[in-house]
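File shown: query_13.tsv. Contents: TSV, C-alpha atoms.
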chain	number	residue	atom	x	y	z
E	1	MET	CA	109.98	-41.72	116.11
E	2	ASN	CA	113.14	-40.06	117.38
E	3	ASN	CA	114.35	-36.72	116.04
E	4	THR	CA	117.44	-36.79	113.83
E	5	GLY	CA	118.57	-33.20	114.45
E	6	ASN	CA	122.26	-32.57	115.10
E	7	GLU	CA	121.76	-30.37	118.16
E	8	LYS	CA	120.76	-31.91	121.48
E	9	LEU	CA	118.87	-30.11	124.24
E	10	ALA	CA	118.71	-31.32	127.84
E	11	ILE	CA	115.34	-30.50	129.41
E	12	ILE	CA	115.60	-30.77	133.18
E	13	GLY	CA	112.27	-31.99	134.54
E	14	THR	CA	109.35	-33.68	132.81
E	15	GLY	CA	106.30	-31.59	133.73
E	16	TYR	CA	104.08	-29.42	131.55
E	17	MET	CA	106.73	-26.81	130.68
E	18	ALA	CA	109.13	-29.61	129.76
E	19	ARG	CA	106.46	-31.01	127.47
E	20	ILE	CA	105.97	-27.62	125.79
E	21	ILE	CA	109.73	-27.26	125.22
E	22	GLY	CA	109.96	-30.83	123.93
E	23	GLU	CA	107.17	-30.21	121.43
E	24	ARG	CA	108.91	-27.07	120.18
E	25	CYS	CA	112.18	-29.00	119.77
E	26	ARG	CA	110.39	-31.36	117.40
E	27	LYS	CA	109.30	-28.47	115.21
E	28	LEU	CA	112.84	-27.08	115.22
E	29	ASN	CA	114.43	-30.47	114.45
E	30	ILE	CA	116.38	-30.35	117.71
E	31	GLU	CA	116.90	-33.62	119.55
E	32	SER	CA	115.28	-33.41	122.99
E	33	HIS	CA	116.38	-35.29	126.11
E	34	CYS	CA	114.28	-34.96	129.27
E	35	PHE	CA	115.38	-36.01	132.74
E	36	SER	CA	113.47	-37.08	135.86
E	37	ILE	CA	112.51	-40.21	137.77
E	38	ASP	CA	108.92	-40.18	136.46
E	39	GLU	CA	108.84	-42.20	133.25
E	40	HIS	CA	105.05	-41.73	132.99
E	41	SER	CA	105.22	-37.93	133.08
E	42	VAL	CA	103.59	-35.67	130.50
E	43	ALA	CA	106.92	-34.78	128.85
E	44	ALA	CA	108.30	-38.30	128.56
E	45	GLU	CA	105.90	-39.18	125.76
E	46	VAL	CA	106.78	-36.20	123.53
E	47	CYS	CA	110.52	-35.78	124.03
E	48	ASP	CA	112.82	-37.82	121.82
E	49	TYR	CA	114.52	-39.46	124.78
E	50	PHE	CA	113.58	-39.89	128.43
E	51	HIS	CA	116.33	-40.52	130.99
E	52	ASN	CA	115.48	-41.93	134.40
E	53	VAL	CA	117.87	-39.76	136.39
E	54	ASN	CA	117.25	-38.02	139.70
E	55	ILE	CA	117.70	-34.36	138.76
E	56	LEU	CA	118.98	-33.59	142.28
E	57	ASP	CA	121.92	-35.93	141.66
E	58	VAL	CA	123.86	-33.29	139.75
E	59	ASP	CA	126.95	-35.49	139.32
E	60	LYS	CA	125.01	-38.26	137.60
E	61	LEU	CA	122.98	-35.72	135.63
E	62	THR	CA	126.16	-34.02	134.39
E	63	GLU	CA	127.80	-37.33	133.56
E	64	LYS	CA	124.81	-38.40	131.45
E	65	CYS	CA	124.62	-35.07	129.60
E	66	LYS	CA	128.35	-35.22	128.87
E	67	GLU	CA	127.97	-38.76	127.58
E	68	LEU	CA	125.16	-37.60	125.27
E	69	SER	CA	127.17	-34.60	123.99
E	70	ILE	CA	124.38	-32.21	125.00
E	71	ASN	CA	124.57	-28.75	123.35
E	72	GLY	CA	122.22	-26.81	125.63
E	73	VAL	CA	120.28	-27.18	128.87
E	74	VAL	CA	117.04	-25.57	130.07
E	75	ALA	CA	115.28	-25.40	133.44
E	76	THR	CA	111.52	-25.85	133.56
E	77	THR	CA	110.55	-25.34	137.22
E	78	GLU	CA	111.99	-23.79	140.39
E	79	LEU	CA	113.42	-27.17	141.39
E	80	THR	CA	115.34	-27.53	138.12
E	81	ILE	CA	117.05	-24.11	138.01
E	82	TYR	CA	120.04	-25.20	140.08
E	83	PRO	CA	120.75	-28.58	138.40
E	84	ALA	CA	120.40	-26.94	134.96
E	85	ALA	CA	123.01	-24.35	135.92
E	86	VAL	CA	125.39	-27.02	137.26
E	87	VAL	CA	125.19	-29.01	134.03
E	88	ALA	CA	125.60	-25.92	131.84
E	89	ASN	CA	128.66	-24.75	133.79
E	90	ARG	CA	130.36	-28.13	133.95
E	91	LEU	CA	129.84	-28.71	130.22
E	92	GLY	CA	130.81	-25.17	129.21
E	93	LEU	CA	127.34	-24.39	127.88
E	94	ASN	CA	125.33	-21.17	128.02
E	95	GLY	CA	123.73	-20.76	131.43
E	96	ASN	CA	123.77	-18.93	134.74
E	97	ASP	CA	126.31	-18.92	137.54
E	98	ILE	CA	125.80	-21.88	139.88
E	99	ASP	CA	125.56	-19.77	143.04
E	100	VAL	CA	123.06	-17.43	141.37
E	101	ALA	CA	120.90	-20.38	140.34
E	102	LYS	CA	121.14	-21.92	143.80
E	103	ASN	CA	119.79	-18.76	145.44
E	104	ILE	CA	117.43	-17.30	142.82
E	105	THR	CA	114.27	-18.66	144.48
E	106	ASP	CA	115.38	-17.63	147.99
E	107	LYS	CA	113.25	-14.54	148.62
E	108	SER	CA	115.42	-13.32	151.49
E	109	ILE	CA	118.61	-13.41	149.42
E	110	ILE	CA	116.95	-11.74	146.44
E	111	ARG	CA	115.57	-9.02	148.73
E	112	GLU	CA	119.13	-8.33	149.86
E	113	LYS	CA	120.54	-8.33	146.33
E	114	THR	CA	117.90	-5.93	145.01
E	115	LYS	CA	117.62	-3.57	147.99
E	116	ASP	CA	119.44	-0.78	146.15
E	117	VAL	CA	117.62	-1.12	142.80
E	118	GLU	CA	116.54	2.34	141.70
E	119	GLY	CA	112.78	2.61	141.22
E	120	LEU	CA	111.98	-0.39	143.43
E	121	SER	CA	110.07	0.03	146.71
E	122	PHE	CA	110.02	-2.33	149.67
E	123	PRO	CA	107.60	-3.04	152.54
E	124	LYS	CA	108.90	-3.69	156.04
E	125	CYS	CA	110.25	-7.24	156.19
E	126	TRP	CA	111.29	-9.92	158.71
E	127	VAL	CA	113.26	-13.06	157.80
E	128	CYS	CA	112.42	-15.84	160.26
E	129	LYS	CA	114.52	-19.00	160.05
E	130	ASN	CA	113.74	-21.18	163.06
E	131	GLU	CA	111.25	-19.12	165.03
E	132	LEU	CA	109.04	-16.11	164.70
E	133	ALA	CA	110.56	-12.68	165.10
E	134	LYS	CA	108.71	-10.03	167.05
E	135	ILE	CA	106.28	-8.55	164.54
E	136	ASP	CA	105.34	-4.99	165.38
E	137	LYS	CA	103.12	-4.20	162.40
E	138	LEU	CA	99.94	-5.92	161.18
E	139	PRO	CA	98.59	-7.08	158.80
E	140	VAL	CA	101.46	-9.07	157.30
E	141	ILE	CA	101.83	-11.60	154.53
E	142	VAL	CA	103.70	-14.78	155.46
E	143	LYS	CA	105.57	-16.58	152.67
E	144	PRO	CA	107.87	-19.59	152.41
E	145	ILE	CA	111.42	-18.39	151.74
E	146	ALA	CA	111.48	-20.63	148.66
E	147	ALA	CA	108.35	-22.19	147.15
E	148	GLY	CA	106.35	-21.66	143.98
E	149	GLY	CA	102.73	-21.52	142.92
E	150	LYS	CA	101.60	-19.35	145.85
E	151	ARG	CA	102.00	-22.36	148.17
E	152	GLY	CA	102.15	-21.66	151.87
E	153	ILE	CA	101.16	-18.00	151.58
E	154	SER	CA	98.83	-16.43	154.15
E	155	VAL	CA	97.74	-12.91	154.99
E	156	VAL	CA	97.55	-12.51	158.77
E	157	TYR	CA	95.54	-9.82	160.56
E	158	ASN	CA	96.14	-10.72	164.21
E	159	THR	CA	98.92	-12.20	166.32
E	160	ASP	CA	96.92	-15.35	167.13
E	161	GLU	CA	97.20	-16.47	163.49
E	162	LEU	CA	100.91	-15.77	163.09
E	163	GLN	CA	102.37	-18.98	164.48
E	164	LYS	CA	100.11	-21.22	162.39
E	165	ALA	CA	100.88	-19.23	159.23
E	166	PHE	CA	104.60	-19.38	160.00
E	167	GLU	CA	104.52	-23.15	160.48
E	168	GLU	CA	102.55	-23.65	157.26
E	169	ALA	CA	105.02	-21.54	155.27
E	170	VAL	CA	108.03	-23.34	156.75
E	171	SER	CA	106.48	-26.75	156.00
E	172	VAL	CA	106.47	-26.13	152.23
E	173	SER	CA	109.62	-24.02	151.92
E	174	LYS	CA	112.59	-25.54	150.11
E	175	VAL	CA	114.83	-23.34	152.27
E	176	GLN	CA	114.37	-23.30	156.06
E	177	GLY	CA	112.26	-20.39	157.23
E	178	ALA	CA	109.64	-17.86	156.23
E	179	LEU	CA	109.61	-14.32	154.92
E	180	ILE	CA	107.14	-12.03	156.67
E	181	GLU	CA	106.31	-8.70	155.05
E	182	GLU	CA	104.05	-5.80	155.82
E	183	PHE	CA	100.91	-6.58	153.80
E	184	LEU	CA	100.33	-3.97	151.13
E	185	ASP	CA	96.62	-4.02	150.41
E	186	GLY	CA	95.24	-2.81	147.10
E	187	GLY	CA	97.21	-2.23	143.94
E	188	GLN	CA	97.63	-4.72	141.12
E	189	GLU	CA	99.81	-7.80	140.67
E	190	TYR	CA	101.81	-8.42	137.50
E	191	SER	CA	104.43	-10.82	136.22
E	192	VAL	CA	107.10	-10.12	133.63
E	193	GLU	CA	108.54	-12.54	131.08
E	194	SER	CA	112.08	-11.73	130.05
E	195	LEU	CA	114.94	-13.37	128.16
E	196	SER	CA	118.62	-12.76	128.85
E	197	PHE	CA	121.64	-13.53	126.68
E	198	HIS	CA	125.22	-12.90	127.80
E	199	GLY	CA	124.02	-10.31	130.31
E	200	ARG	CA	121.73	-8.45	127.92
E	201	HIS	CA	118.11	-8.42	129.11
E	202	TYR	CA	114.95	-8.26	126.99
E	203	VAL	CA	111.48	-7.78	128.45
E	204	ILE	CA	109.11	-9.80	126.28
E	205	GLN	CA	105.74	-9.23	127.98
E	206	VAL	CA	104.03	-7.97	131.13
E	207	THR	CA	101.08	-10.03	132.40
E	208	GLN	CA	98.26	-8.62	134.52
E	209	LYS	CA	96.94	-11.02	137.14
E	210	ASP	CA	93.53	-11.66	138.67
E	211	SER	CA	94.16	-12.45	142.33
E	212	SER	CA	91.85	-14.01	144.90
E	213	GLY	CA	93.31	-11.59	147.43
E	214	ALA	CA	93.71	-12.47	151.09
E	215	PRO	CA	94.23	-14.88	152.67
E	216	HIS	CA	96.09	-16.97	150.04
E	217	CYS	CA	96.42	-14.60	147.05
E	218	VAL	CA	95.84	-17.36	144.49
E	219	GLU	CA	95.99	-16.40	140.81
E	220	LEU	CA	92.61	-16.74	139.06
E	221	GLY	CA	93.50	-15.34	135.64
E	222	HIS	CA	96.27	-13.86	133.49
E	223	HIS	CA	95.92	-11.17	130.83
E	224	GLN	CA	98.32	-9.79	128.21
E	225	PRO	CA	99.38	-7.14	127.62
E	226	ALA	CA	98.97	-5.61	131.05
E	227	ASP	CA	96.79	-2.51	131.16
E	228	LEU	CA	99.61	-0.03	131.81
E	229	SER	CA	100.26	3.45	130.46
E	230	ASP	CA	103.27	3.78	128.16
E	231	HIS	CA	105.08	5.64	130.94
E	232	MET	CA	104.38	2.90	133.51
E	233	ARG	CA	105.23	0.13	131.08
E	234	ASN	CA	108.60	1.76	130.35
E	235	LYS	CA	109.22	2.17	134.09
E	236	VAL	CA	108.42	-1.51	134.70
E	237	GLU	CA	110.77	-2.63	131.93
E	238	THR	CA	113.60	-0.47	133.26
E	239	VAL	CA	113.17	-1.67	136.84
E	240	ILE	CA	112.84	-5.32	135.80
E	241	LYS	CA	116.15	-5.19	133.92
E	242	ARG	CA	117.79	-3.74	137.03
E	243	ILE	CA	116.26	-6.48	139.20
E	244	ILE	CA	117.46	-9.25	136.90
E	245	SER	CA	120.92	-7.76	136.71
E	246	SER	CA	121.14	-7.35	140.50
E	247	ALA	CA	119.94	-10.93	140.99
E	248	GLY	CA	122.81	-12.11	138.77
E	249	ILE	CA	120.84	-13.59	135.89
E	250	LEU	CA	122.92	-13.63	132.69
E	251	ASN	CA	121.21	-16.15	130.43
E	252	GLY	CA	117.81	-17.64	129.77
E	253	PRO	CA	114.22	-16.88	130.75
E	254	CYS	CA	113.12	-15.12	133.90
E	255	HIS	CA	109.65	-14.85	135.43
E	256	THR	CA	109.51	-11.89	137.80
E	257	GLU	CA	106.44	-11.09	139.91
E	258	ILE	CA	105.72	-7.55	141.07
E	259	LYS	CA	102.95	-5.47	142.59
E	260	ILE	CA	102.22	-1.85	141.71
E	261	ILE	CA	100.55	0.45	144.24
E	262	ASP	CA	100.19	4.17	143.50
E	263	SER	CA	102.84	3.91	140.75
E	264	LYS	CA	105.34	2.30	143.16
E	265	ILE	CA	106.80	-1.06	142.10
E	266	TYR	CA	107.25	-3.76	144.75
E	267	LEU	CA	109.08	-7.04	144.14
E	268	ILE	CA	107.29	-10.30	144.96
E	269	GLU	CA	109.77	-12.86	143.61
E	270	VAL	CA	112.23	-13.73	140.84
E	271	ASN	CA	112.36	-17.12	139.10
E	272	GLY	CA	114.95	-18.16	136.53
E	273	ARG	CA	112.53	-20.17	134.41
E	274	PRO	CA	109.56	-19.51	132.08
E	275	GLY	CA	106.23	-18.43	133.56
E	276	GLY	CA	103.85	-21.31	134.19
E	277	ASP	CA	100.06	-21.60	134.07
E	278	HIS	CA	100.00	-20.77	130.32
E	279	ILE	CA	101.84	-17.45	130.72
E	280	ALA	CA	105.04	-18.25	128.79
E	281	TYR	CA	103.09	-20.44	126.39
E	282	PRO	CA	100.77	-19.86	124.68
E	283	LEU	CA	99.93	-16.39	126.05
E	284	THR	CA	103.26	-14.62	125.54
E	285	GLU	CA	103.60	-16.00	122.02
E	286	LEU	CA	100.01	-15.08	121.14
E	287	SER	CA	100.22	-11.51	122.46
E	288	THR	CA	103.64	-10.61	121.05
E	289	GLY	CA	103.97	-12.77	117.95
E	290	TYR	CA	107.44	-13.67	119.23
E	291	PRO	CA	108.22	-17.41	119.62
E	292	TYR	CA	109.30	-17.14	123.23
E	293	ILE	CA	109.82	-20.88	123.72
E	294	THR	CA	112.04	-20.96	120.64
E	295	GLY	CA	114.01	-18.03	122.06
E	296	ILE	CA	114.55	-19.91	125.32
E	297	ILE	CA	115.85	-22.94	123.44
E	298	MET	CA	118.13	-20.90	121.20
E	299	ALA	CA	119.54	-18.96	124.16
E	300	ALA	CA	120.44	-22.27	125.81
E	301	LEU	CA	122.14	-23.42	122.60
E	302	GLY	CA	124.12	-20.17	122.49
E	303	ARG	CA	122.64	-18.83	119.26
E	304	LEU	CA	119.75	-16.54	120.15
E	305	ASP	CA	118.78	-14.10	117.39
E	306	GLU	CA	118.55	-10.92	119.46
E	307	ASN	CA	117.43	-8.86	116.46
E	308	ALA	CA	114.19	-10.89	116.37
E	309	ILE	CA	113.13	-9.49	119.76
E	310	THR	CA	111.94	-6.21	118.23
E	311	ASN	CA	108.68	-4.76	116.94
E	312	LEU	CA	106.62	-7.13	119.06
E	313	GLU	CA	102.92	-7.32	118.24
E	314	LYS	CA	100.21	-6.06	120.58
E	315	ASN	CA	97.54	-8.71	120.49
E	316	PHE	CA	95.18	-9.40	123.39
E	317	CYS	CA	94.91	-12.75	125.12
E	318	GLY	CA	94.44	-14.30	128.51
E	319	VAL	CA	93.29	-17.23	130.57
E	320	TYR	CA	90.45	-17.42	133.08
E	321	PHE	CA	90.46	-20.24	135.63
E	322	VAL	CA	86.90	-21.31	136.36
E	323	THR	CA	86.68	-22.25	140.03
E	324	GLN	CA	84.48	-21.71	143.06
E	325	GLN	CA	86.16	-18.32	143.43
E	326	THR	CA	85.15	-17.41	139.85
E	327	ALA	CA	81.73	-19.07	139.66
E	328	ASN	CA	80.43	-16.06	137.70
E	329	LEU	CA	82.45	-17.33	134.70
E	330	LYS	CA	80.68	-20.72	134.56
E	331	GLU	CA	78.07	-19.61	132.02
E	332	ILE	CA	80.74	-18.14	129.72
E	333	PHE	CA	82.89	-21.25	130.17
E	334	ASP	CA	80.05	-23.54	129.08
E	335	THR	CA	79.56	-21.78	125.73
E	336	CYS	CA	82.92	-20.12	125.02
E	337	GLU	CA	83.61	-22.28	121.94
E	338	ASN	CA	81.02	-20.17	120.08
E	339	GLU	CA	82.79	-16.85	120.73
E	340	PRO	CA	85.01	-15.12	118.11
E	341	TRP	CA	87.76	-14.73	120.72
E	342	PHE	CA	87.84	-18.43	121.67
E	343	TYR	CA	91.26	-20.09	121.57
E	344	GLN	CA	91.28	-23.07	123.96
E	345	LYS	CA	89.21	-24.73	126.67
E	346	ASN	CA	90.06	-27.26	129.33
E	347	LYS	CA	87.30	-29.02	131.26
E	348	VAL	CA	88.32	-31.07	134.27
E	349	SER	CA	84.98	-31.43	136.02
E	350	ASP	CA	81.38	-30.21	136.05
E	351	GLU	CA	81.75	-29.29	139.69
E	352	LEU	CA	83.53	-26.03	140.40
E	353	LYS	CA	86.32	-26.56	142.90
E	354	PRO	CA	88.25	-24.05	144.98
E	355	ILE	CA	91.95	-23.59	144.32
E	356	ILE	CA	94.34	-22.83	147.17
E	357	HIS	CA	97.52	-22.65	145.08
E	358	ASN	CA	98.25	-22.14	141.39
E	359	ASP	CA	97.47	-25.23	139.29
E	360	GLY	CA	96.85	-24.04	135.77
E	361	PHE	CA	96.67	-27.39	133.97
E	362	ASN	CA	94.40	-29.37	136.31
E	363	THR	CA	91.71	-26.71	136.59
E	364	ASN	CA	88.78	-25.71	134.39
E	365	TYR	CA	89.92	-22.82	132.20
E	366	PHE	CA	89.44	-21.07	128.89
E	367	ILE	CA	91.88	-18.98	126.85
E	368	TYR	CA	90.87	-16.00	124.72
E	369	PHE	CA	92.78	-14.34	121.86
E	370	SER	CA	92.11	-11.30	119.70
E	371	LYS	CA	94.11	-9.13	117.32
E	372	ASN	CA	91.41	-6.43	117.38
E	373	GLY	CA	91.25	-5.16	120.94
E	374	LYS	CA	90.58	-6.86	124.25
E	375	PRO	CA	87.30	-8.81	124.20
E	376	ASN	CA	84.59	-7.82	126.62
E	377	ILE	CA	84.29	-10.97	128.68

This entry written out as structure tokens:
Amino acid sequence: MNNTGNEKLAIIGTGYMARIIGERCRKLNIESHCFSIDEHSVAAEVCDYFHNVNILDVDKLTEKCKELSINGVVATTELTIYPAAVVANRLGLNGNDIDVAKNITDKSIIREKTKDVEGLSFPKCWVCKNELAKIDKLPVIVKPIAAGGKRGISVVYNTDELQKAFEEAVSVSKVQGALIEEFLDGGQEYSVESLSFHGRHYVIQVTQKDSSGAPHCVELGHHQPADLSDHMRNKVETVIKRIISSAGILNGPCHTEIKIIDSKIYLIEVNGRPGGDHIAYPLTELSTGYPYITGIIMAALGRLDENAITNLEKNFCGVYFVTQQTANLKEIFDTCENEPWFYQKNKVSDELKPIIHNDGFNTNYFIYFSKNGKPNI
């Protein structure tokens, strides 16, 4: 049954994040319209209206949203950031500058924009468009210039592996080329969920990541809040706001990935969309008590309650992906429903499979939640 709310939200894309946003729209009595060419997608069945429109055809997408009298537009994945910005700008809605959105996932451009951010450190870097540059320092990490989910990433320890890693990165990059950086071993990876409104930036939560490490650095778990001292947490929040500002983000969610080594903060990437793999939802909402998805929707509609982003709770939650790389979790996974910290479980198969890129919804996993300290799992 279709929603009868007066406000209409355009959700660009129809994947899992689009489904989450569509479900929240129902609770808020906001009419949801999702757009893609996949009418059998997971979001199409929960949103009020599905529109079979190629989201890369920004003219047709804008025309349809104008025809529907859309009041707000949200991006759900890297691919949808640019079309969402185009629609928002052309319809006079709250959003980000079109050029900013076009370049936000380009690691080389973001490196240039943030090179002078105070408190941010950088490894040696080479941007390779059509062919490999001369690399004079090993090991290095080879990344697509623009791709999500840790796709196409390889840590290389000798020159014989460089060309293959370069070709693999280029093959999945949405922008021609690869970014090659001095590999910084050790330290800890984090991601930061933030929400911006008219150029004012709010850090909602910092997530600590379990990484498989080299060669592909796949994420095997996420935990909130990150285990940081108050001093380091404040430093991260300050630097993140500077990064977002330098990148040009003015409105909406941002998922920023960083690495901390010996108290130095290094930027991995910036994405103008909510964190995937359960980070934005449900983890950020569970750990802070703040309805982050609602905030994203309201920011798009131009009526975010900024006063509500205060006095956030400090609950403990996280997700463990149960794979070949984390076979030690299999026994806990099998019986986790009986634990006091149990929140959710997803079983895809009895056989543990390896993961080579992030795929948080089609993998065995369990989510924990506690208001009384981090569980000993």

Please determine the residues with any atom at most 12 Å from (119.6, -14.3, 146.5) (coordinates as given in the file, with only C-alpha atoms counting) and report them as a CSV table (one decimal) with C-alpha atoms, keeping the file's coordinate frame.
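What ended up in out_15.csv:
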chain,number,residue,atom,x,y,z
E,98,ILE,CA,125.8,-21.9,139.9
E,99,ASP,CA,125.6,-19.8,143.0
E,100,VAL,CA,123.1,-17.4,141.4
E,101,ALA,CA,120.9,-20.4,140.3
E,102,LYS,CA,121.1,-21.9,143.8
E,103,ASN,CA,119.8,-18.8,145.4
E,104,ILE,CA,117.4,-17.3,142.8
E,105,THR,CA,114.3,-18.7,144.5
E,106,ASP,CA,115.4,-17.6,148.0
E,107,LYS,CA,113.2,-14.5,148.6
E,108,SER,CA,115.4,-13.3,151.5
E,109,ILE,CA,118.6,-13.4,149.4
E,110,ILE,CA,117.0,-11.7,146.4
E,111,ARG,CA,115.6,-9.0,148.7
E,112,GLU,CA,119.1,-8.3,149.9
E,113,LYS,CA,120.5,-8.3,146.3
E,114,THR,CA,117.9,-5.9,145.0
E,115,LYS,CA,117.6,-3.6,148.0
E,145,ILE,CA,111.4,-18.4,151.7
E,146,ALA,CA,111.5,-20.6,148.7
E,175,VAL,CA,114.8,-23.3,152.3
E,243,ILE,CA,116.3,-6.5,139.2
E,244,ILE,CA,117.5,-9.2,136.9
E,245,SER,CA,120.9,-7.8,136.7
E,246,SER,CA,121.1,-7.4,140.5
E,247,ALA,CA,119.9,-10.9,141.0
E,248,GLY,CA,122.8,-12.1,138.8
E,249,ILE,CA,120.8,-13.6,135.9
E,269,GLU,CA,109.8,-12.9,143.6
E,270,VAL,CA,112.2,-13.7,140.8
E,271,ASN,CA,112.4,-17.1,139.1
E,272,GLY,CA,115.0,-18.2,136.5

Check which residues of region 213-272 of chain E sit at most 10 Å from region 311-324 of chain E using all atoms listed in the file, and return one row each with the closest pair of atoms and their distance in Å to one decimal, ordered by chain and rising number, as CSV.
residue,atom,partner,partner_atom,distance
E:Glu219,CA,E:Phe321,CA,8.5
E:Leu220,CA,E:Phe321,CA,5.4
E:Gly221,CA,E:Tyr320,CA,4.5
E:His222,CA,E:Gly318,CA,5.3
E:His223,CA,E:Gly318,CA,4.2
E:Gln224,CA,E:Cys317,CA,5.5
E:Pro225,CA,E:Phe316,CA,6.4
E:Ala226,CA,E:Phe316,CA,9.3

From CA of Ile297 (chain E) to CA of Gln205 (chain E) the spacing works out at 17.6 Å

Report the distance between CA of Leu195 (chain E) and CA of Leu250 (chain E) in Å, rounded to one decimal place.
->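 Separation between CA of Leu195 (chain E) and CA of Leu250 (chain E): 9.2 Å.
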
d(CA of Ile180 (chain E), CA of Glu161 (chain E)) in Å = 12.8 Å

Of the listed residues E:Glu118, E:Ile55, E:Lys137, E:Ile260, that which approaches Gly187 (chain E) most closely, counting only C-alpha atoms =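 Comparing E:Glu118, E:Ile55, E:Lys137, E:Ile260 against Gly187 (chain E), the winner is E:Ile260.
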
Choose the residue, out of E:Val86, E:Val170, E:Met298, E:Ile141, that has the smallest atom-to-atom separation from Gly252 (chain E); count all atoms listed in the file.
-> E:Met298

Selection near Lys264 (chain E), 10 Å with only C-alpha atoms, sequence-local residues under 6 positions removed, as a list in words |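 The neighbour list is Gly119, Leu120, Ser121, Phe122, Gly187, Met232, Lys235 and Val236 of chain E.
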
Which one is closest to Ser191 (chain E): E:Tyr266, E:Phe361, E:Tyr82, E:Trp341? Count only C-alpha atoms.
->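 Using only C-alpha atoms, Ser191 (chain E) sits closest to E:Tyr266.
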
Contact residues around Ser154 (chain E) with all atoms listed in the file at 12 Å, ignoring same-chain residues under 6 positions, as a PyMOL selection string | chain E and resi 139-144+161-170+178-183+212-218+356-357
